[in-house]
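*Asks:* Input input_35.cif, format and content: mmCIF, C-alpha atoms; chains and numbers go by the auth columns.
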```cif
data_query
loop_
_atom_site.group_PDB
_atom_site.id
_atom_site.type_symbol
_atom_site.label_atom_id
_atom_site.label_comp_id
_atom_site.label_asym_id
_atom_site.label_seq_id
_atom_site.Cartn_x
_atom_site.Cartn_y
_atom_site.Cartn_z
_atom_site.B_iso_or_equiv
_atom_site.auth_seq_id
_atom_site.auth_asym_id
ATOM 1 C CA MET A 1 4.883 12.892 -64.045 0.00 351 H
ATOM 2 C CA ASP A 2 6.417 14.642 -67.008 0.00 352 H
ATOM 3 C CA ASN A 3 9.731 16.037 -65.844 0.00 353 H
ATOM 4 C CA VAL A 4 11.342 18.484 -68.223 0.00 354 H
ATOM 5 C CA TYR A 5 14.455 19.253 -66.244 0.00 355 H
ATOM 6 C CA PRO A 6 15.540 16.228 -64.227 0.00 356 H
ATOM 7 C CA ASP A 7 17.985 16.465 -61.342 0.00 357 H
ATOM 8 C CA ASN A 8 21.567 17.087 -62.406 0.00 358 H
ATOM 9 C CA GLU A 9 22.717 14.164 -60.279 0.00 359 H
ATOM 10 C CA SER A 10 21.640 11.607 -62.859 0.00 360 H
ATOM 11 C CA THR A 11 24.047 10.692 -65.601 0.00 361 H
ATOM 12 C CA LYS A 12 23.024 8.644 -68.587 0.00 362 H
ATOM 13 C CA VAL A 13 25.245 6.441 -70.683 0.00 363 H
ATOM 14 C CA ARG A 14 24.210 6.578 -74.308 0.00 364 H
ATOM 15 C CA ASP A 15 22.323 3.375 -75.160 0.00 365 H
ATOM 16 C CA ALA A 16 22.465 2.451 -78.861 0.00 366 H
ATOM 17 C CA ASP A 17 19.369 0.189 -78.729 0.00 367 H
ATOM 18 C CA GLU A 18 17.327 2.861 -76.985 0.00 368 H
ATOM 19 C CA GLU A 19 18.524 5.561 -79.361 0.00 369 H
ATOM 20 C CA LYS A 20 17.761 3.449 -82.444 0.00 370 H
ATOM 21 C CA LEU A 21 14.279 2.399 -81.257 0.00 371 H
ATOM 22 C CA ILE A 22 13.249 5.913 -80.280 0.00 372 H
ATOM 23 C CA GLY A 23 14.549 7.282 -83.578 0.00 373 H
ATOM 24 C CA GLN A 24 12.491 4.687 -85.455 0.00 374 H
ATOM 25 C CA LEU A 25 9.394 5.429 -83.389 0.00 375 H
ATOM 26 C CA LEU A 26 9.720 9.163 -83.979 0.00 376 H
ATOM 27 C CA ASP A 27 10.214 8.640 -87.719 0.00 377 H
ATOM 28 C CA TYR A 28 7.143 6.386 -87.791 0.00 378 H
ATOM 29 C CA PHE A 29 4.901 8.845 -85.927 0.00 379 H
ATOM 30 C CA LEU A 30 6.118 11.848 -87.917 0.00 380 H
ATOM 31 C CA GLY A 31 5.501 9.975 -91.162 0.00 381 H
ATOM 32 C CA ALA A 32 2.057 8.808 -90.046 0.00 382 H
ATOM 33 C CA MET A 33 1.133 12.405 -89.193 0.00 383 H
ATOM 34 C CA GLY A 34 2.471 13.680 -92.492 0.00 384 H
ATOM 35 C CA VAL A 35 5.028 15.915 -90.789 0.00 385 H
ATOM 36 C CA VAL A 36 8.159 16.602 -92.801 0.00 386 H
ATOM 37 C CA ALA A 37 10.982 17.037 -90.286 0.00 387 H
ATOM 38 C CA ASP A 38 14.443 15.804 -89.390 0.00 388 H
ATOM 39 C CA THR A 39 15.261 14.206 -86.065 0.00 389 H
ATOM 40 C CA PHE A 40 18.632 14.116 -84.382 0.00 390 H
ATOM 41 C CA VAL A 41 19.945 13.222 -80.953 0.00 391 H
ATOM 42 C CA ARG A 42 21.857 15.533 -78.686 0.00 392 H
ATOM 43 C CA ASP A 43 23.431 14.699 -75.363 0.00 393 H
ATOM 44 C CA ASP A 44 22.768 17.227 -72.680 0.00 394 H
ATOM 45 C CA GLU A 45 24.759 16.932 -69.472 0.00 395 H
ATOM 46 C CA GLU A 46 22.300 19.266 -67.710 0.00 396 H
ATOM 47 C CA PHE A 47 19.442 16.882 -68.510 0.00 397 H
ATOM 48 C CA GLY A 48 21.436 13.732 -67.882 0.00 398 H
ATOM 49 C CA SER A 49 19.595 12.057 -70.743 0.00 399 H
ATOM 50 C CA LEU A 50 19.156 11.878 -74.475 0.00 400 H
ATOM 51 C CA ILE A 51 17.215 14.649 -76.119 0.00 401 H
ATOM 52 C CA PHE A 52 15.647 13.978 -79.486 0.00 402 H
ATOM 53 C CA GLU A 53 15.417 17.215 -81.415 0.00 403 H
ATOM 54 C CA ILE A 54 12.828 17.572 -84.176 0.00 404 H
ATOM 55 C CA ASP A 55 13.380 20.304 -86.717 0.00 405 H
ATOM 56 C CA GLY A 56 11.687 21.054 -89.992 0.00 406 H
ATOM 57 C CA GLU A 57 9.135 23.089 -91.859 0.00 407 H
ATOM 58 C CA ASP A 58 6.136 21.336 -90.279 0.00 408 H
ATOM 59 C CA SER A 59 7.629 20.520 -86.883 0.00 409 H
ATOM 60 C CA GLY A 60 6.077 23.520 -85.117 0.00 410 H
ATOM 61 C CA LEU A 61 2.681 21.829 -85.520 0.00 411 H
ATOM 62 C CA LEU A 62 3.833 19.159 -83.080 0.00 412 H
ATOM 63 C CA ILE A 63 4.163 21.576 -80.163 0.00 413 H
ATOM 64 C CA GLY A 64 0.452 22.215 -79.698 0.00 414 H
ATOM 65 C CA ARG A 65 -1.129 24.567 -77.185 0.00 415 H
ATOM 66 C CA ARG A 66 1.458 25.216 -74.459 0.00 416 H
ATOM 67 C CA GLY A 67 3.304 22.056 -75.471 0.00 417 H
ATOM 68 C CA GLU A 68 0.398 19.632 -74.996 0.00 418 H
ATOM 69 C CA THR A 69 0.988 17.781 -78.265 0.00 419 H
ATOM 70 C CA LEU A 70 4.722 17.596 -77.588 0.00 420 H
ATOM 71 C CA ARG A 71 4.139 16.150 -74.089 0.00 421 H
ATOM 72 C CA SER A 72 1.662 13.608 -75.502 0.00 422 H
ATOM 73 C CA LEU A 73 4.093 12.513 -78.223 0.00 423 H
ATOM 74 C CA GLN A 74 6.852 12.145 -75.638 0.00 424 H
ATOM 75 C CA PHE A 75 4.554 10.110 -73.365 0.00 425 H
ATOM 76 C CA ILE A 76 3.592 7.715 -76.171 0.00 426 H
ATOM 77 C CA ILE A 77 7.201 7.282 -77.311 0.00 427 H
ATOM 78 C CA ARG A 78 8.337 6.587 -73.727 0.00 428 H
ATOM 79 C CA MET A 79 5.530 4.082 -73.151 0.00 429 H
ATOM 80 C CA ILE A 80 6.216 2.123 -76.348 0.00 430 H
ATOM 81 C CA ALA A 81 9.994 2.173 -75.817 0.00 431 H
ATOM 82 C CA ARG A 82 9.578 1.012 -72.201 0.00 432 H
ATOM 83 C CA ARG A 83 7.519 -1.961 -73.347 0.00 433 H
ATOM 84 C CA GLN A 84 9.797 -2.812 -76.272 0.00 434 H
ATOM 85 C CA LEU A 85 12.981 -2.629 -74.196 0.00 435 H
ATOM 86 C CA ASP A 86 11.370 -4.016 -71.020 0.00 436 H
ATOM 87 C CA ARG A 87 12.877 -1.264 -68.854 0.00 437 H
ATOM 88 C CA PRO A 88 12.294 2.386 -68.020 0.00 438 H
ATOM 89 C CA VAL A 89 13.285 4.809 -70.774 0.00 439 H
ATOM 90 C CA ASP A 90 14.200 8.384 -69.945 0.00 440 H
ATOM 91 C CA VAL A 91 13.847 10.307 -73.183 0.00 441 H
ATOM 92 C CA PHE A 92 13.044 13.921 -73.904 0.00 442 H
ATOM 93 C CA ILE A 93 11.752 15.334 -77.154 0.00 443 H
ATOM 94 C CA ASP A 94 12.259 18.945 -78.142 0.00 444 H
ATOM 95 C CA ILE A 95 11.006 20.803 -81.169 0.00 445 H
ATOM 96 C CA GLN A 96 12.979 23.746 -82.506 0.00 446 H
ATOM 97 C CA GLY A 97 14.226 24.609 -78.992 0.00 447 H
ATOM 98 C CA TYR A 98 10.667 24.948 -77.614 0.00 448 H
ATOM 99 C CA ARG A 99 11.447 23.382 -74.233 0.00 449 H
ATOM 100 C CA ASP A 100 14.305 25.781 -73.523 0.00 450 H
ATOM 101 C CA ARG A 101 12.204 28.795 -74.531 0.00 451 H
ATOM 102 C CA ARG A 102 9.271 27.614 -72.429 0.00 452 H
ATOM 103 C CA TYR A 103 11.535 26.915 -69.441 0.00 453 H
ATOM 104 C CA ARG A 104 12.929 30.471 -69.588 0.00 454 H
ATOM 105 C CA PHE A 105 9.413 31.917 -69.975 0.00 455 H
ATOM 106 C CA VAL A 106 8.034 30.030 -66.953 0.00 456 H
ATOM 107 C CA LYS A 107 11.066 30.903 -64.817 0.00 457 H
ATOM 108 C CA ASN A 108 10.700 34.594 -65.715 0.00 458 H
ATOM 109 C CA LEU A 109 6.968 34.384 -64.947 0.00 459 H
ATOM 110 C CA ALA A 110 7.837 33.018 -61.510 0.00 460 H
ATOM 111 C CA TYR A 111 10.258 35.860 -60.751 0.00 461 H
ATOM 112 C CA ARG A 112 7.973 38.602 -62.084 0.00 462 H
ATOM 113 C CA THR A 113 4.996 37.276 -60.135 0.00 463 H
ATOM 114 C CA ALA A 114 7.016 36.869 -56.937 0.00 464 H
ATOM 115 C CA LYS A 115 8.195 40.470 -57.229 0.00 465 H
ATOM 116 C CA LYS A 116 4.579 41.613 -57.625 0.00 466 H
ATOM 117 C CA VAL A 117 3.450 39.495 -54.649 0.00 467 H
ATOM 118 C CA ILE A 118 6.139 41.095 -52.476 0.00 468 H
ATOM 119 C CA GLN A 119 5.249 44.611 -53.658 0.00 469 H
ATOM 120 C CA LEU A 120 1.494 44.171 -53.182 0.00 470 H
ATOM 121 C CA ASN A 121 1.781 41.931 -50.113 0.00 471 H
ATOM 122 C CA GLU A 122 -1.099 39.895 -51.603 0.00 472 H
ATOM 123 C CA PRO A 123 -1.199 36.308 -52.932 0.00 473 H
ATOM 124 C CA ILE A 124 -1.411 35.785 -56.693 0.00 474 H
ATOM 125 C CA GLU A 125 -2.832 32.717 -58.434 0.00 475 H
ATOM 126 C CA LEU A 126 -1.222 31.643 -61.691 0.00 476 H
ATOM 127 C CA ASP A 127 -3.110 30.022 -64.539 0.00 477 H
ATOM 128 C CA PRO A 128 -3.311 26.206 -64.535 0.00 478 H
ATOM 129 C CA MET A 129 -0.173 24.571 -65.884 0.00 479 H
ATOM 130 C CA PRO A 130 1.275 21.084 -66.338 0.00 480 H
ATOM 131 C CA PRO A 131 3.326 19.428 -63.578 0.00 481 H
ATOM 132 C CA ASN A 132 6.707 20.107 -65.189 0.00 482 H
ATOM 133 C CA GLU A 133 6.001 23.846 -65.335 0.00 483 H
ATOM 134 C CA ARG A 134 4.682 23.963 -61.769 0.00 484 H
ATOM 135 C CA LYS A 135 7.917 22.292 -60.685 0.00 485 H
ATOM 136 C CA ILE A 136 9.929 25.030 -62.421 0.00 486 H
ATOM 137 C CA ILE A 137 7.963 27.682 -60.503 0.00 487 H
ATOM 138 C CA HIS A 138 8.376 25.922 -57.142 0.00 488 H
ATOM 139 C CA GLN A 139 12.108 25.333 -57.661 0.00 489 H
ATOM 140 C CA SER A 140 12.777 28.843 -58.956 0.00 490 H
ATOM 141 C CA LEU A 141 11.176 30.470 -55.930 0.00 491 H
ATOM 142 C CA SER A 142 12.123 27.947 -53.222 0.00 492 H
ATOM 143 C CA ARG A 143 15.050 29.972 -51.876 0.00 493 H
ATOM 144 C CA ASP A 144 13.203 33.268 -51.548 0.00 494 H
ATOM 145 C CA SER A 145 12.237 33.541 -47.862 0.00 495 H
ATOM 146 C CA ARG A 146 9.792 36.380 -48.601 0.00 496 H
ATOM 147 C CA ILE A 147 7.300 34.121 -50.413 0.00 497 H
ATOM 148 C CA LEU A 148 5.728 30.649 -50.363 0.00 498 H
ATOM 149 C CA THR A 149 4.337 28.634 -53.268 0.00 499 H
ATOM 150 C CA GLU A 150 1.509 26.125 -53.134 0.00 500 H
ATOM 151 C CA SER A 151 -0.112 23.985 -55.808 0.00 501 H
ATOM 152 C CA LYS A 152 -3.896 23.682 -55.677 0.00 502 H
ATOM 153 C CA GLY A 153 -6.598 22.066 -57.785 0.00 503 H
ATOM 154 C CA LYS A 154 -6.867 18.750 -59.572 0.00 504 H
ATOM 155 C CA GLY A 155 -5.716 17.418 -62.941 0.00 505 H
ATOM 156 C CA ASN A 156 -5.659 19.940 -65.772 0.00 506 H
ATOM 157 C CA THR A 157 -6.932 22.696 -63.483 0.00 507 H
ATOM 158 C CA ARG A 158 -4.005 22.448 -61.028 0.00 508 H
ATOM 159 C CA TYR A 159 -2.363 25.830 -60.484 0.00 509 H
ATOM 160 C CA ILE A 160 0.097 27.602 -58.190 0.00 510 H
ATOM 161 C CA THR A 161 -0.600 30.338 -55.689 0.00 511 H
ATOM 162 C CA ILE A 162 2.326 32.491 -54.604 0.00 512 H
ATOM 163 C CA PHE A 163 1.903 33.914 -51.080 0.00 513 H
ATOM 164 C CA PRO A 164 3.820 36.662 -49.297 0.00 514 H
ATOM 165 C CA VAL A 165 5.365 35.620 -45.981 0.00 515 H
ATOM 166 C CA ARG A 166 3.829 37.853 -43.317 0.00 516 H
#
```
How does the structure come out when it is put into structure tokens?
*Replies:*
Amino acid sequence: MDNVYPDNESTKVRDADEEKLIGQLLDYFLGAMGVVADTFVRDDEEFGSLIFEIDGEDSGLLIGRRGETLRSLQFIIRMIARRQLDRPVDVFIDIQGYRDRRYRFVKNLAYRTAKKVIQLNEPIELDPMPPNERKIIHQSLSRDSRILTESKGKGNTRYITIFPVR
């Protein structure tokens, strides 16, 4: 499962081999796709992992529809790095701050929809979304005793319904 915002409990020591390999893989894939962009690493204590930031004139093309291309690139990089290093690799890729913007958007969507559900006293179904975004919705609304959230559907059609507590 693609997890954008891991638990804060995890702390990651910067691994030079991992950082070097992932940097090389990103440079290779960007070059192969003809994308002109710079990559750099930032530590993020909130994430508890390394975040590889991609920035450049063409880098926005790598985001794709609702981040699909970005998630796919991250998946491929993780898979190759895991096999090369023979251990799990916890790496996140961000493009021009997309992940932070998307996180804020999804969290605001959760709060706006919950407010509407409470006002109307009717359940509301959200559009299908990837697992990491559904997790943001569930976590954002988990402490509100006036509503419940439930994921339904399968695969790419999985969505959340927000219910009022009656």
*Asks:* Work out how far CA of Arg452 (chain H) is from CA of Asp377 (chain H), in Å to one decimal.
*Replies:*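 Going from CA of Asp377 (chain H) over to CA of Arg452 (chain H) covers 24.4 Å.
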*Asks:* When you count only C-alpha atoms, which of these residues is closest to Gly417 (chain H): H:Ile468, H:Ile443, H:Ala387, H:Leu476?
*Replies:*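 Counting only C-alpha atoms, the residue closest to Gly417 (chain H) is H:Ile443.
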*Asks:* Name the residues that the PyMOL selection byres ((chain H and resi 490) around 12) pulls out of this structure, and write them as a PyMOL selection string.
*Replies:* chain H and resi 453-464+483-489+491-494+497-499+512
*Asks:* Rounded to one decimal, what separation in Å do you get between CA of Asp477 (chain H) and CA of Ser399 (chain H)?
*Replies:* 29.6 Å
*Asks:* Please define a box with edges along x, y and z of the file around all atoms of region 372-378 of chain H given in the file, extend it by 8 Å on each side, and return its centre and edge lengths in Å to one decimal, as AutoDock Vina command-line options.
*Replies:*
```
--center_x 10.8 --center_y 6.9 --center_z -84.0 --size_x 23.4 --size_y 20.5 --size_z 23.5
```
*Asks:* Could you please determine the separation between CA of Asn482 (chain H) and CA of Ile404 (chain H) in Å, to one decimal place?
*Replies:*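 The value is 20.1 Å.
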*Asks:* Excluding Gly373 (chain H) and its own-chain neighbours fewer than 2 positions away, which residues fall within 10 Å of it when counting only C-alpha atoms? Please give them as a PyMOL selection string.
*Replies:* chain H and resi 367-371+375-378+389-391+402+427
*Asks:* Name all residues at most 9 Å from Leu412 (chain H) (count only C-alpha atoms; drop same-chain ones fewer than 4 positions away) and give them as a list in words.
*Replies:*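 Contacts, with the query itself left out: Val385, Asp408, Gly417, Glu418, Thr419, Leu420, Leu423 and Ile445 of chain H.
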*Asks:* Choose the residue, out of H:Leu470, H:Val515, H:Ile510, H:Ile372, that has the smallest atom-to-atom separation from Arg432 (chain H); count all atoms listed in the file.
*Replies:*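 The answer is H:Ile372, which sits nearest to Arg432 (chain H).
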*Asks:* Would you please work out which residue, of H:Arg416, H:Arg392, H:Lys504, H:Arg516, is nearest to Arg449 (chain H) when using all atoms listed in the file?
*Replies:*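 Smallest separation from Arg449 (chain H) among the options: H:Arg416.
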*Asks:* For Leu380 (chain H), which of H:Lys465, H:Arg421, H:Leu435, H:Asp405 is the closest residue, counting all atoms listed in the file?
*Replies:* H:Asp405
*Asks:* As a list of chain:residue names, please: the residues near Arg428 (chain H) (cut-off 9 Å, all atoms listed in the file, same-chain neighbours under 6 positions excluded).
*Replies:*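 The contact residues come out as H:Ile372, H:Pro438, H:Val439, H:Asp440, H:Val441, H:Phe442.
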*Asks:* Would you mind exporting the chosen residues as an mmCIF file, keeping the file's coordinate frame, restricted to C-alpha atoms?
*Replies:*
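Heads up, here's the output in again.cif:
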```cif
data_model
loop_
_atom_site.group_PDB
_atom_site.id
_atom_site.type_symbol
_atom_site.label_atom_id
_atom_site.label_comp_id
_atom_site.auth_asym_id
_atom_site.auth_seq_id
_atom_site.Cartn_x
_atom_site.Cartn_y
_atom_site.Cartn_z
ATOM 1 C CA ILE H 372 13.249 5.913 -80.280
ATOM 2 C CA PRO H 438 12.294 2.386 -68.020
ATOM 3 C CA VAL H 439 13.285 4.809 -70.774
ATOM 4 C CA ASP H 440 14.200 8.384 -69.945
ATOM 5 C CA VAL H 441 13.847 10.307 -73.183
ATOM 6 C CA PHE H 442 13.044 13.921 -73.904
#
```
*Asks:* Which one is closest to Thr507 (chain H): H:Pro480, H:Tyr448, H:Gly384, H:Ser495? Count all atoms listed in the file.
*Replies:*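 Among H:Pro480, H:Tyr448, H:Gly384, H:Ser495, it is H:Pro480 that comes nearest to Thr507 (chain H).
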*Asks:* Using all atoms listed in the file, find the one residue out of H:Ala382, H:Glu500, H:Ala366, H:Phe513 that sits nearest to Gln469 (chain H).
*Replies:*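 Going through H:Ala382, H:Glu500, H:Ala366, H:Phe513 one by one, the smallest distance to Gln469 (chain H) is for H:Phe513.
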